[in-house]
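Visitor: Mind having a look at this structure? Questions to follow.
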Amino acid sequence: MEKCLSSHMWNNTMERGFDIMKILLLEDDIELCSSIQDELQKAGYIVDCCYDGETAMIHALNIEYCYDLAVVDRMLPIIDGMTIIKAMRRKGIAIPAIIITGMSELNDRIEGLDNGADDYLVKPFHIAELLARIRALTRRPAEIKQEMHICFSDLSFNQMERILSCGKNSLLLTAKESEVLSAFINHPQSLITREQLIYKIWGTDTDIVPGNVDNYISFLRKRLREIGSCCEIKTVYGSGYKLEGKNAGAFI
């Protein structure tokens, strides 16, 4: 079985307001997969890659990984991409899925769309077209996202009112604390770098330095202790931070 590789680089573009979008990329051609991954990362996405269908199936069906979209090669080894998408739909996982394939016949495209795919892109394709299709499939009004309660482990977070709760304990976060926490709680257990947080929250023209980000992490750690949460924002030395919790599963 091929090992699933994770990469969490950040560059210049945010696609979805305060949310860092996480993509599952399933492609057995390692060179092509790496090339697509690099371009998606440059566009500001978190990208996990899997090279075989068995590993991909585990990731696609496990809510722990909490993806926003899947890009799926139809002809994966061990378990093909179509089977993975059908399994996702049977389990009620409704994230958008884009099939990428060299199979260009009309019947192939119809079969892919009829079996749960949201879009179908024939190889070779230009990365700009893939990015446009991702944007089209994930475009949502920001106010809808902000109205939702986000839950992770023993935490419940009202993003609009900035209220963080654990059991019967609640507190009101500052605006910046809320923005930083939103980055973590929308993608728990994912590595988020200081550079990602700076760009996402303060923008490219800011004079803020990584040390200021560390201060906000310290504030949030204190907040988590105040409400008695089992969750922790852990430091990944030399890389960034992760939000982790016991018996964790993220859902909206």
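Ligands are numbered from 1 in the order shown, residues from 1 within each chain, and chains are lettered A, B, ... in the order they appear in the structure tokens.
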I need the alpha helix (DSSP H) residues of segment 83-194 of chain A per DSSP on the backbone, written as a VMD selection string.
Guide: chain A and resid 83 to 90 106 to 114 127 to 138 142 to 146 175 to 185 194
Visitor: With segment 67-76 of chain A as the partner and 8 Å as the cut-off, tabulate the residues of segment 28-52 of chain A that qualify, each row holding the nearest pair of atoms and their distance in Å to one decimal, using only C-alpha atoms, sorted by chain and rising number, as a Markdown table.
Guide:
```
| residue | atom | partner | partner_atom | distance |
| --- | --- | --- | --- | --- |
| A:Asp28 | CA | A:Leu76 | CA | 5.9 |
| A:Tyr51 | CA | A:Leu76 | CA | 7.6 |
| A:Asp52 | CA | A:Leu76 | CA | 5.8 |
```
Visitor: How would the residues just chosen look if you wrote them out with N, CA, C and O atoms as a PDB file, in the first residue's frame?
Guide:
```
ATOM      1  N   ASP A  28      -2.504   8.318  -9.170  1.00  0.00           N
ATOM      2  CA  ASP A  28      -1.440   7.334  -9.035  1.00  0.00           C
ATOM      3  C   ASP A  28      -0.163   7.716  -9.777  1.00  0.00           C
ATOM      4  O   ASP A  28       0.897   7.158  -9.506  1.00  0.00           O
ATOM      5  N   TYR A  51      -1.870   7.860  -3.583  1.00  0.00           N
ATOM      6  CA  TYR A  51      -1.443   7.310  -4.860  1.00  0.00           C
ATOM      7  C   TYR A  51      -2.112   5.982  -5.209  1.00  0.00           C
ATOM      8  O   TYR A  51      -1.893   5.466  -6.294  1.00  0.00           O
ATOM      9  N   ASP A  52      -2.869   5.406  -4.295  1.00  0.00           N
ATOM     10  CA  ASP A  52      -3.562   4.159  -4.624  1.00  0.00           C
ATOM     11  C   ASP A  52      -4.957   4.193  -4.024  1.00  0.00           C
ATOM     12  O   ASP A  52      -5.241   4.924  -3.072  1.00  0.00           O
TER      13      ASP A  52
END
```
Visitor: Mind the document's chain letters and residue numbers, and return as a tab-separated table (two decimals) with all heavy atoms, in the first residue's frame the residues of segment 15-246 of chain A that DSSP labels strand (DSSP E or B).
Guide:
```tsv
chain	number	residue	atom	x	y	z
A	16	ARG	N	-11.82	31.24	0.04
A	16	ARG	CA	-13.07	31.13	0.75
A	16	ARG	C	-13.07	31.93	2.04
A	16	ARG	O	-13.31	31.45	3.13
A	16	ARG	CB	-13.37	29.67	1.08
A	16	ARG	CG	-13.51	28.79	-0.13
A	16	ARG	CD	-13.73	27.35	0.27
A	16	ARG	NE	-14.98	27.19	1.00
A	16	ARG	CZ	-15.23	26.15	1.77
A	16	ARG	NH1	-14.34	25.21	1.94
A	16	ARG	NH2	-16.38	26.05	2.39
A	19	ASP	N	-11.94	30.66	5.72
A	19	ASP	CA	-11.78	29.22	5.76
A	19	ASP	C	-10.66	28.78	4.83
A	19	ASP	O	-10.59	29.21	3.69
A	19	ASP	CB	-13.09	28.56	5.33
A	19	ASP	CG	-13.10	27.07	5.66
A	19	ASP	OD1	-12.18	26.63	6.35
A	19	ASP	OD2	-14.03	26.40	5.21
A	22	LYS	N	-9.54	22.48	2.20
A	22	LYS	CA	-8.71	21.28	2.21
A	22	LYS	C	-9.17	20.33	1.12
A	22	LYS	O	-10.34	19.96	1.07
A	22	LYS	CB	-8.79	20.61	3.58
A	22	LYS	CG	-7.80	19.45	3.76
A	22	LYS	CD	-7.83	18.99	5.20
A	22	LYS	CE	-6.83	17.86	5.44
A	22	LYS	NZ	-6.86	17.39	6.84
A	23	ILE	N	-8.25	19.93	0.25
A	23	ILE	CA	-8.56	19.11	-0.92
A	23	ILE	C	-7.88	17.75	-0.80
A	23	ILE	O	-6.71	17.65	-0.42
A	23	ILE	CB	-8.12	19.81	-2.22
A	23	ILE	CG1	-8.95	21.08	-2.44
A	23	ILE	CG2	-8.23	18.89	-3.43
A	23	ILE	CD1	-8.49	21.90	-3.62
A	24	LEU	N	-8.62	16.69	-1.14
A	24	LEU	CA	-8.06	15.35	-1.25
A	24	LEU	C	-7.77	15.08	-2.72
A	24	LEU	O	-8.68	15.09	-3.55
A	24	LEU	CB	-9.05	14.32	-0.70
A	24	LEU	CG	-8.62	12.85	-0.79
A	24	LEU	CD1	-7.35	12.60	0.01
A	24	LEU	CD2	-9.75	11.93	-0.30
A	25	LEU	N	-6.50	14.84	-3.05
A	25	LEU	CA	-6.08	14.60	-4.43
A	25	LEU	C	-5.67	13.14	-4.58
A	25	LEU	O	-4.73	12.67	-3.93
A	25	LEU	CB	-4.90	15.52	-4.77
A	25	LEU	CG	-4.21	15.33	-6.12
A	25	LEU	CD1	-5.21	15.49	-7.27
A	25	LEU	CD2	-3.04	16.30	-6.27
A	26	LEU	N	-6.40	12.41	-5.43
A	26	LEU	CA	-6.17	10.98	-5.63
A	26	LEU	C	-5.66	10.77	-7.05
A	26	LEU	O	-6.42	10.86	-8.01
A	26	LEU	CB	-7.48	10.20	-5.40
A	26	LEU	CG	-8.27	10.57	-4.14
A	26	LEU	CD1	-9.55	9.74	-4.07
A	26	LEU	CD2	-7.42	10.38	-2.89
A	46	ILE	N	-4.96	23.66	1.16
A	46	ILE	CA	-4.30	22.54	1.83
A	46	ILE	C	-4.59	21.30	0.99
A	46	ILE	O	-5.73	21.07	0.60
A	46	ILE	CB	-4.84	22.35	3.26
A	46	ILE	CG1	-4.48	23.56	4.13
A	46	ILE	CG2	-4.32	21.07	3.88
A	46	ILE	CD1	-5.14	23.54	5.49
A	47	VAL	N	-3.56	20.49	0.71
A	47	VAL	CA	-3.73	19.36	-0.20
A	47	VAL	C	-3.12	18.10	0.40
A	47	VAL	O	-1.96	18.08	0.80
A	47	VAL	CB	-3.05	19.63	-1.57
A	47	VAL	CG1	-3.31	18.47	-2.52
A	47	VAL	CG2	-3.54	20.94	-2.17
A	48	ASP	N	-3.94	17.04	0.49
A	48	ASP	CA	-3.46	15.71	0.84
A	48	ASP	C	-3.47	14.85	-0.41
A	48	ASP	O	-4.45	14.87	-1.17
A	48	ASP	CB	-4.35	15.05	1.90
A	48	ASP	CG	-4.11	15.61	3.29
A	48	ASP	OD1	-3.22	16.43	3.45
A	48	ASP	OD2	-4.85	15.21	4.22
A	49	CYS	N	-2.40	14.08	-0.62
A	49	CYS	CA	-2.28	13.24	-1.82
A	49	CYS	C	-2.29	11.76	-1.45
A	49	CYS	O	-1.66	11.36	-0.47
A	49	CYS	CB	-0.98	13.54	-2.56
A	49	CYS	SG	-0.90	15.20	-3.26
A	50	CYS	N	-2.99	10.96	-2.24
A	50	CYS	CA	-2.93	9.51	-2.13
A	50	CYS	C	-2.68	8.93	-3.52
A	50	CYS	O	-3.23	9.43	-4.51
A	50	CYS	CB	-4.22	8.94	-1.57
A	50	CYS	SG	-4.53	9.35	0.16
A	69	LEU	N	-13.29	19.11	-0.77
A	69	LEU	CA	-13.43	18.71	-2.17
A	69	LEU	C	-12.44	17.59	-2.46
A	69	LEU	O	-11.37	17.53	-1.85
A	69	LEU	CB	-13.18	19.91	-3.09
A	69	LEU	CG	-13.28	19.69	-4.60
A	69	LEU	CD1	-14.00	20.87	-5.26
A	69	LEU	CD2	-11.89	19.52	-5.22
A	70	ALA	N	-12.81	16.71	-3.41
A	70	ALA	CA	-11.91	15.64	-3.84
A	70	ALA	C	-11.66	15.74	-5.34
A	70	ALA	O	-12.60	15.97	-6.11
A	70	ALA	CB	-12.50	14.27	-3.50
A	71	VAL	N	-10.41	15.59	-5.74
A	71	VAL	CA	-10.02	15.47	-7.14
A	71	VAL	C	-9.57	14.03	-7.33
A	71	VAL	O	-8.59	13.60	-6.72
A	71	VAL	CB	-8.91	16.46	-7.51
A	71	VAL	CG1	-8.49	16.28	-8.97
A	71	VAL	CG2	-9.36	17.90	-7.25
A	72	VAL	N	-10.28	13.27	-8.16
A	72	VAL	CA	-10.13	11.81	-8.18
A	72	VAL	C	-9.76	11.31	-9.58
A	72	VAL	O	-10.52	11.51	-10.54
A	72	VAL	CB	-11.44	11.13	-7.73
A	72	VAL	CG1	-11.27	9.62	-7.67
A	72	VAL	CG2	-11.91	11.68	-6.39
A	73	ASP	N	-8.61	10.65	-9.69
A	73	ASP	CA	-8.25	9.95	-10.93
A	73	ASP	C	-9.15	8.72	-11.06
A	73	ASP	O	-9.28	7.93	-10.13
A	73	ASP	CB	-6.78	9.54	-10.87
A	73	ASP	CG	-6.33	8.81	-12.12
A	73	ASP	OD1	-7.06	8.84	-13.13
A	73	ASP	OD2	-5.24	8.21	-12.09
A	97	ALA	N	-16.84	16.35	-5.95
A	97	ALA	CA	-15.81	15.44	-6.46
A	97	ALA	C	-15.62	15.69	-7.95
A	97	ALA	O	-16.59	15.68	-8.72
A	97	ALA	CB	-16.18	13.99	-6.21
A	98	ILE	N	-14.37	15.92	-8.34
A	98	ILE	CA	-14.02	16.11	-9.75
A	98	ILE	C	-13.23	14.90	-10.22
A	98	ILE	O	-12.19	14.58	-9.66
A	98	ILE	CB	-13.18	17.38	-9.95
A	98	ILE	CG1	-13.92	18.62	-9.44
A	98	ILE	CG2	-12.80	17.55	-11.42
A	98	ILE	CD1	-13.07	19.90	-9.48
A	99	ILE	N	-13.72	14.22	-11.24
A	99	ILE	CA	-12.97	13.13	-11.85
A	99	ILE	C	-11.99	13.70	-12.86
A	99	ILE	O	-12.35	14.55	-13.69
A	99	ILE	CB	-13.92	12.13	-12.56
A	99	ILE	CG1	-14.73	11.34	-11.54
A	99	ILE	CG2	-13.13	11.17	-13.45
A	99	ILE	CD1	-15.70	10.36	-12.16
A	100	ILE	N	-10.73	13.25	-12.79
A	100	ILE	CA	-9.75	13.55	-13.83
A	100	ILE	C	-9.35	12.24	-14.49
A	100	ILE	O	-9.05	11.26	-13.82
A	100	ILE	CB	-8.52	14.31	-13.27
A	100	ILE	CG1	-7.87	13.55	-12.11
A	100	ILE	CG2	-8.92	15.71	-12.82
A	100	ILE	CD1	-6.57	14.19	-11.63
A	101	THR	N	-9.36	12.20	-15.82
A	101	THR	CA	-9.16	10.93	-16.50
A	101	THR	C	-8.78	11.15	-17.96
A	101	THR	O	-9.05	12.22	-18.53
A	101	THR	CB	-10.44	10.08	-16.45
A	101	THR	OG1	-10.24	8.86	-17.15
A	101	THR	CG2	-11.62	10.82	-17.07
A	119	ASP	N	-18.13	16.86	-11.44
A	119	ASP	CA	-17.51	17.41	-12.65
A	119	ASP	C	-16.56	16.36	-13.20
A	119	ASP	O	-16.17	15.41	-12.51
A	119	ASP	CB	-16.77	18.70	-12.33
A	119	ASP	CG	-16.65	19.63	-13.53
A	119	ASP	OD1	-16.89	19.17	-14.67
A	119	ASP	OD2	-16.34	20.81	-13.33
A	120	TYR	N	-16.17	16.55	-14.47
A	120	TYR	CA	-15.39	15.54	-15.19
A	120	TYR	C	-14.40	16.29	-16.08
A	120	TYR	O	-14.80	17.06	-16.94
A	120	TYR	CB	-16.34	14.70	-16.04
A	120	TYR	CG	-15.79	13.40	-16.57
A	120	TYR	CD1	-16.09	12.19	-15.96
A	120	TYR	CD2	-15.00	13.38	-17.71
A	120	TYR	CE1	-15.62	10.99	-16.45
A	120	TYR	CE2	-14.51	12.19	-18.21
A	120	TYR	CZ	-14.82	10.99	-17.58
A	120	TYR	OH	-14.34	9.80	-18.08
A	121	LEU	N	-13.11	16.09	-15.82
A	121	LEU	CA	-12.07	16.83	-16.54
A	121	LEU	C	-11.15	15.84	-17.25
A	121	LEU	O	-10.58	14.94	-16.61
A	121	LEU	CB	-11.28	17.69	-15.56
A	121	LEU	CG	-10.34	18.75	-16.10
A	121	LEU	CD1	-11.07	19.71	-17.04
A	121	LEU	CD2	-9.71	19.52	-14.95
A	122	VAL	N	-11.02	15.98	-18.57
A	122	VAL	CA	-10.25	15.04	-19.37
A	122	VAL	C	-8.79	15.47	-19.46
A	122	VAL	O	-8.48	16.65	-19.72
A	122	VAL	CB	-10.85	14.91	-20.79
A	122	VAL	CG1	-10.01	13.97	-21.65
A	122	VAL	CG2	-12.29	14.40	-20.71
A	149	HIS	N	-22.70	26.78	13.54
A	149	HIS	CA	-21.93	26.37	14.70
A	149	HIS	C	-20.94	25.31	14.22
A	149	HIS	O	-21.30	24.37	13.52
A	149	HIS	CB	-22.83	25.77	15.77
A	149	HIS	CG	-23.57	26.79	16.57
A	149	HIS	ND1	-24.69	27.43	16.09
A	149	HIS	CD2	-23.36	27.27	17.82
A	149	HIS	CE1	-25.14	28.27	17.01
A	149	HIS	NE2	-24.35	28.19	18.06
A	150	ILE	N	-19.69	25.47	14.61
A	150	ILE	CA	-18.67	24.49	14.26
A	150	ILE	C	-18.33	23.70	15.53
A	150	ILE	O	-18.09	24.29	16.58
A	150	ILE	CB	-17.40	25.17	13.72
A	150	ILE	CG1	-17.75	26.11	12.56
A	150	ILE	CG2	-16.37	24.14	13.29
A	150	ILE	CD1	-18.33	25.42	11.37
A	151	CYS	N	-18.34	22.39	15.43
A	151	CYS	CA	-18.07	21.53	16.58
A	151	CYS	C	-16.83	20.68	16.32
A	151	CYS	O	-16.62	20.18	15.21
A	151	CYS	CB	-19.25	20.63	16.87
A	151	CYS	SG	-20.77	21.52	17.30
A	152	PHE	N	-16.03	20.53	17.35
A	152	PHE	CA	-14.87	19.63	17.28
A	152	PHE	C	-14.59	19.12	18.68
A	152	PHE	O	-14.48	19.91	19.63
A	152	PHE	CB	-13.65	20.35	16.72
A	152	PHE	CG	-12.39	19.54	16.82
A	152	PHE	CD1	-12.21	18.41	16.04
A	152	PHE	CD2	-11.38	19.89	17.71
A	152	PHE	CE1	-11.07	17.64	16.14
A	152	PHE	CE2	-10.23	19.12	17.82
A	152	PHE	CZ	-10.07	18.01	17.03
A	155	LEU	N	-15.67	20.94	21.88
A	155	LEU	CA	-15.85	22.37	21.62
A	155	LEU	C	-17.04	22.63	20.71
A	155	LEU	O	-17.32	21.86	19.79
A	155	LEU	CB	-14.60	22.96	20.96
A	155	LEU	CG	-13.33	23.03	21.78
A	155	LEU	CD1	-12.18	23.56	20.92
A	155	LEU	CD2	-13.52	23.91	23.02
A	156	SER	N	-17.72	23.75	20.96
A	156	SER	CA	-18.73	24.28	20.05
A	156	SER	C	-18.44	25.76	19.87
A	156	SER	O	-18.26	26.48	20.85
A	156	SER	CB	-20.14	24.08	20.63
A	156	SER	OG	-21.11	24.69	19.78
A	157	PHE	N	-18.38	26.21	18.61
A	157	PHE	CA	-17.98	27.59	18.34
A	157	PHE	C	-19.00	28.25	17.42
A	157	PHE	O	-19.24	27.79	16.31
A	157	PHE	CB	-16.59	27.62	17.70
A	157	PHE	CG	-16.07	29.01	17.43
A	157	PHE	CD1	-16.20	30.01	18.37
A	157	PHE	CD2	-15.44	29.30	16.22
A	157	PHE	CE1	-15.73	31.28	18.12
A	157	PHE	CE2	-14.97	30.57	15.97
A	157	PHE	CZ	-15.10	31.56	16.92
A	158	ASN	N	-19.62	29.31	17.91
A	158	ASN	CA	-20.52	30.12	17.11
A	158	ASN	C	-19.68	31.21	16.46
A	158	ASN	O	-19.28	32.18	17.10
A	158	ASN	CB	-21.61	30.73	18.00
A	158	ASN	CG	-22.65	31.50	17.20
A	158	ASN	OD1	-22.32	32.22	16.26
A	158	ASN	ND2	-23.91	31.36	17.59
A	163	ILE	N	-18.74	33.09	20.18
A	163	ILE	CA	-18.88	32.43	21.48
A	163	ILE	C	-18.30	31.02	21.39
A	163	ILE	O	-18.72	30.21	20.57
A	163	ILE	CB	-20.36	32.37	21.91
A	163	ILE	CG1	-20.89	33.79	22.13
A	163	ILE	CG2	-20.50	31.54	23.19
A	163	ILE	CD1	-22.38	33.84	22.43
A	164	LEU	N	-17.35	30.73	22.26
A	164	LEU	CA	-16.71	29.41	22.33
A	164	LEU	C	-17.24	28.70	23.58
A	164	LEU	O	-17.22	29.27	24.67
A	164	LEU	CB	-15.19	29.56	22.41
A	164	LEU	CG	-14.38	28.27	22.52
A	164	LEU	CD1	-14.56	27.41	21.27
A	164	LEU	CD2	-12.91	28.59	22.74
A	165	SER	N	-17.70	27.46	23.41
A	165	SER	CA	-18.31	26.72	24.51
A	165	SER	C	-17.69	25.34	24.65
A	165	SER	O	-17.27	24.72	23.68
A	165	SER	CB	-19.81	26.55	24.28
A	165	SER	OG	-20.45	27.80	24.13
A	166	CYS	N	-17.69	24.87	25.91
A	166	CYS	CA	-17.31	23.50	26.24
A	166	CYS	C	-18.23	23.07	27.38
A	166	CYS	O	-18.11	23.58	28.49
A	166	CYS	CB	-15.85	23.41	26.65
A	166	CYS	SG	-15.35	21.75	27.18
A	169	ASN	N	-19.68	25.63	30.00
A	169	ASN	CA	-18.81	26.80	30.07
A	169	ASN	C	-18.71	27.50	28.72
A	169	ASN	O	-18.52	26.84	27.69
A	169	ASN	CB	-17.41	26.40	30.53
A	169	ASN	CG	-17.41	25.73	31.89
A	169	ASN	OD1	-18.15	26.15	32.78
A	169	ASN	ND2	-16.60	24.71	32.06
A	170	SER	N	-18.85	28.81	28.72
A	170	SER	CA	-18.77	29.60	27.48
A	170	SER	C	-18.02	30.89	27.74
A	170	SER	O	-17.98	31.39	28.88
A	170	SER	CB	-20.18	29.95	26.95
A	170	SER	OG	-20.90	28.79	26.63
A	171	LEU	N	-17.43	31.43	26.68
A	171	LEU	CA	-16.79	32.74	26.78
A	171	LEU	C	-16.83	33.42	25.41
A	171	LEU	O	-16.99	32.77	24.38
A	171	LEU	CB	-15.36	32.65	27.31
A	171	LEU	CG	-14.38	31.65	26.68
A	171	LEU	CD1	-13.82	32.19	25.38
A	171	LEU	CD2	-13.24	31.37	27.65
A	172	LEU	N	-16.68	34.72	25.43
A	172	LEU	CA	-16.69	35.53	24.22
A	172	LEU	C	-15.26	35.82	23.79
A	172	LEU	O	-14.46	36.35	24.58
A	172	LEU	CB	-17.44	36.84	24.46
A	172	LEU	CG	-17.49	37.83	23.29
A	172	LEU	CD1	-18.30	37.26	22.14
A	172	LEU	CD2	-18.06	39.17	23.76
A	192	ILE	N	-1.27	24.04	10.32
A	192	ILE	CA	-1.45	25.38	9.78
A	192	ILE	C	-0.22	26.19	10.16
A	192	ILE	O	0.15	26.27	11.33
A	192	ILE	CB	-2.73	26.05	10.31
A	192	ILE	CG1	-3.95	25.22	9.92
A	192	ILE	CG2	-2.86	27.48	9.79
A	192	ILE	CD1	-5.28	25.77	10.43
A	193	THR	N	0.43	26.78	9.18
A	193	THR	CA	1.67	27.50	9.44
A	193	THR	C	1.41	28.93	9.88
A	193	THR	O	0.31	29.48	9.69
A	193	THR	CB	2.55	27.54	8.17
A	193	THR	OG1	1.90	28.37	7.19
A	193	THR	CG2	2.75	26.15	7.59
A	232	GLU	N	-6.28	20.97	22.52
A	232	GLU	CA	-5.04	21.71	22.64
A	232	GLU	C	-4.61	22.20	21.26
A	232	GLU	O	-4.81	21.52	20.25
A	232	GLU	CB	-3.92	20.82	23.18
A	232	GLU	CG	-4.11	20.31	24.58
A	232	GLU	CD	-2.91	19.46	25.00
A	232	GLU	OE1	-1.85	20.05	25.33
A	232	GLU	OE2	-3.04	18.22	24.98
A	233	ILE	N	-4.02	23.39	21.23
A	233	ILE	CA	-3.33	23.85	20.03
A	233	ILE	C	-1.86	23.50	20.23
A	233	ILE	O	-1.17	24.11	21.04
A	233	ILE	CB	-3.51	25.36	19.79
A	233	ILE	CG1	-5.00	25.68	19.62
A	233	ILE	CG2	-2.73	25.79	18.55
A	233	ILE	CD1	-5.28	27.17	19.47
A	234	LYS	N	-1.41	22.49	19.52
A	234	LYS	CA	-0.05	21.97	19.72
A	234	LYS	C	0.91	22.58	18.72
A	234	LYS	O	0.56	22.80	17.56
A	234	LYS	CB	-0.05	20.44	19.60
A	234	LYS	CG	-0.81	19.76	20.72
A	234	LYS	CD	-0.60	18.26	20.72
A	234	LYS	CE	-1.27	17.60	21.93
A	234	LYS	NZ	-1.05	16.14	21.95
A	235	THR	N	2.11	22.82	19.17
A	235	THR	CA	3.15	23.35	18.31
A	235	THR	C	3.83	22.21	17.56
A	235	THR	O	4.22	21.20	18.16
A	235	THR	CB	4.22	24.10	19.13
A	235	THR	OG1	3.59	25.19	19.82
A	235	THR	CG2	5.32	24.65	18.23
A	236	VAL	N	3.94	22.36	16.24
A	236	VAL	CA	4.74	21.46	15.41
A	236	VAL	C	6.02	22.23	15.11
A	236	VAL	O	6.03	23.13	14.28
A	236	VAL	CB	4.01	21.06	14.12
A	236	VAL	CG1	4.87	20.12	13.29
A	236	VAL	CG2	2.66	20.43	14.44
A	240	GLY	N	4.47	24.90	12.41
A	240	GLY	CA	3.26	25.66	12.72
A	240	GLY	C	2.52	25.04	13.88
A	240	GLY	O	3.13	24.62	14.86
A	241	TYR	N	1.18	24.94	13.74
A	241	TYR	CA	0.35	24.47	14.84
A	241	TYR	C	-0.74	23.53	14.35
A	241	TYR	O	-1.13	23.56	13.18
A	241	TYR	CB	-0.33	25.67	15.52
A	241	TYR	CG	0.61	26.70	16.06
A	241	TYR	CD1	0.90	27.86	15.34
A	241	TYR	CD2	1.22	26.55	17.31
A	241	TYR	CE1	1.76	28.81	15.83
A	241	TYR	CE2	2.08	27.50	17.81
A	241	TYR	CZ	2.35	28.64	17.07
A	241	TYR	OH	3.20	29.58	17.56
A	242	LYS	N	-1.28	22.72	15.29
A	242	LYS	CA	-2.43	21.86	15.03
A	242	LYS	C	-3.39	21.95	16.20
A	242	LYS	O	-2.96	21.98	17.36
A	242	LYS	CB	-2.01	20.39	14.88
A	242	LYS	CG	-1.34	20.03	13.58
A	242	LYS	CD	-1.09	18.52	13.55
A	242	LYS	CE	-0.43	18.08	12.25
A	242	LYS	NZ	-0.24	16.62	12.22
A	243	LEU	N	-4.70	21.94	15.90
A	243	LEU	CA	-5.71	21.80	16.94
A	243	LEU	C	-6.02	20.32	17.09
A	243	LEU	O	-6.44	19.66	16.13
A	243	LEU	CB	-6.98	22.56	16.57
A	243	LEU	CG	-8.15	22.41	17.54
A	243	LEU	CD1	-7.82	23.00	18.91
A	243	LEU	CD2	-9.42	23.04	16.98
A	244	GLU	N	-5.83	19.78	18.30
A	244	GLU	CA	-6.08	18.37	18.54
A	244	GLU	C	-6.99	18.21	19.76
A	244	GLU	O	-7.02	19.06	20.65
A	244	GLU	CB	-4.76	17.61	18.77
A	244	GLU	CG	-3.85	17.65	17.54
A	244	GLU	CD	-2.62	16.77	17.71
A	244	GLU	OE1	-2.40	16.26	18.83
A	244	GLU	OE2	-1.89	16.59	16.72
```
Visitor: Near segment 212-218 of chain A, within 7 Å and counting only C-alpha atoms, which residues show up once chain neighbours fewer than 4 positions away are dropped, as an NGL selection string?
Guide: :A and (177 or 194 or 208 or 222)
Visitor: Using only C-alpha atoms, which protein or nucleic acid residues come within 9 Å of Glu39 of chain A? Drop anything in the same chain fewer than 5 positions from it, and give the result as a ChimeraX atom specification.
Guide: /A:34,44,127,131
Visitor: Next, the residues of the selection above should be written as a CSV table (one decimal), in the first residue's frame with all heavy atoms.
Guide:
```csv
chain,number,residue,atom,x,y,z
A,34,SER,N,2.3,15.4,-8.0
A,34,SER,CA,3.1,16.4,-7.4
A,34,SER,C,2.9,17.7,-8.1
A,34,SER,O,2.9,18.8,-7.4
A,34,SER,CB,4.6,15.9,-7.4
A,34,SER,OG,5.4,16.9,-6.8
A,44,GLY,N,-3.4,28.5,-2.7
A,44,GLY,CA,-3.8,28.7,-1.3
A,44,GLY,C,-4.6,27.6,-0.6
A,44,GLY,O,-5.2,27.7,0.4
A,127,ILE,N,-4.1,23.7,-15.6
A,127,ILE,CA,-4.3,23.8,-14.2
A,127,ILE,C,-5.3,25.0,-14.0
A,127,ILE,O,-6.1,24.9,-13.0
A,127,ILE,CB,-3.0,24.0,-13.4
A,127,ILE,CG1,-3.3,23.9,-11.9
A,127,ILE,CG2,-2.4,25.3,-13.8
A,127,ILE,CD1,-3.7,22.5,-11.5
A,131,LEU,N,-8.6,24.8,-11.5
A,131,LEU,CA,-8.8,25.8,-10.4
A,131,LEU,C,-10.2,26.5,-10.6
A,131,LEU,O,-10.9,26.7,-9.6
A,131,LEU,CB,-7.7,26.9,-10.4
A,131,LEU,CG,-6.3,26.4,-9.9
A,131,LEU,CD1,-5.3,27.4,-10.2
A,131,LEU,CD2,-6.4,26.1,-8.4
```
Visitor: Which residue is closest to Arg90 of chain A? Choose from A:Leu61, A:Leu173, A:Leu106, A:Ile78 and count only C-alpha atoms.
Guide: A:Leu61
Visitor: Mind checking which residues fall within 10 Å of Ala87 of chain A, counting only C-alpha atoms, ignoring those fewer than 5 positions away in the same chain, and posting them as a PyMOL selection string?
Guide: chain A and resi 57+60-61+81-82+92-93+115-116
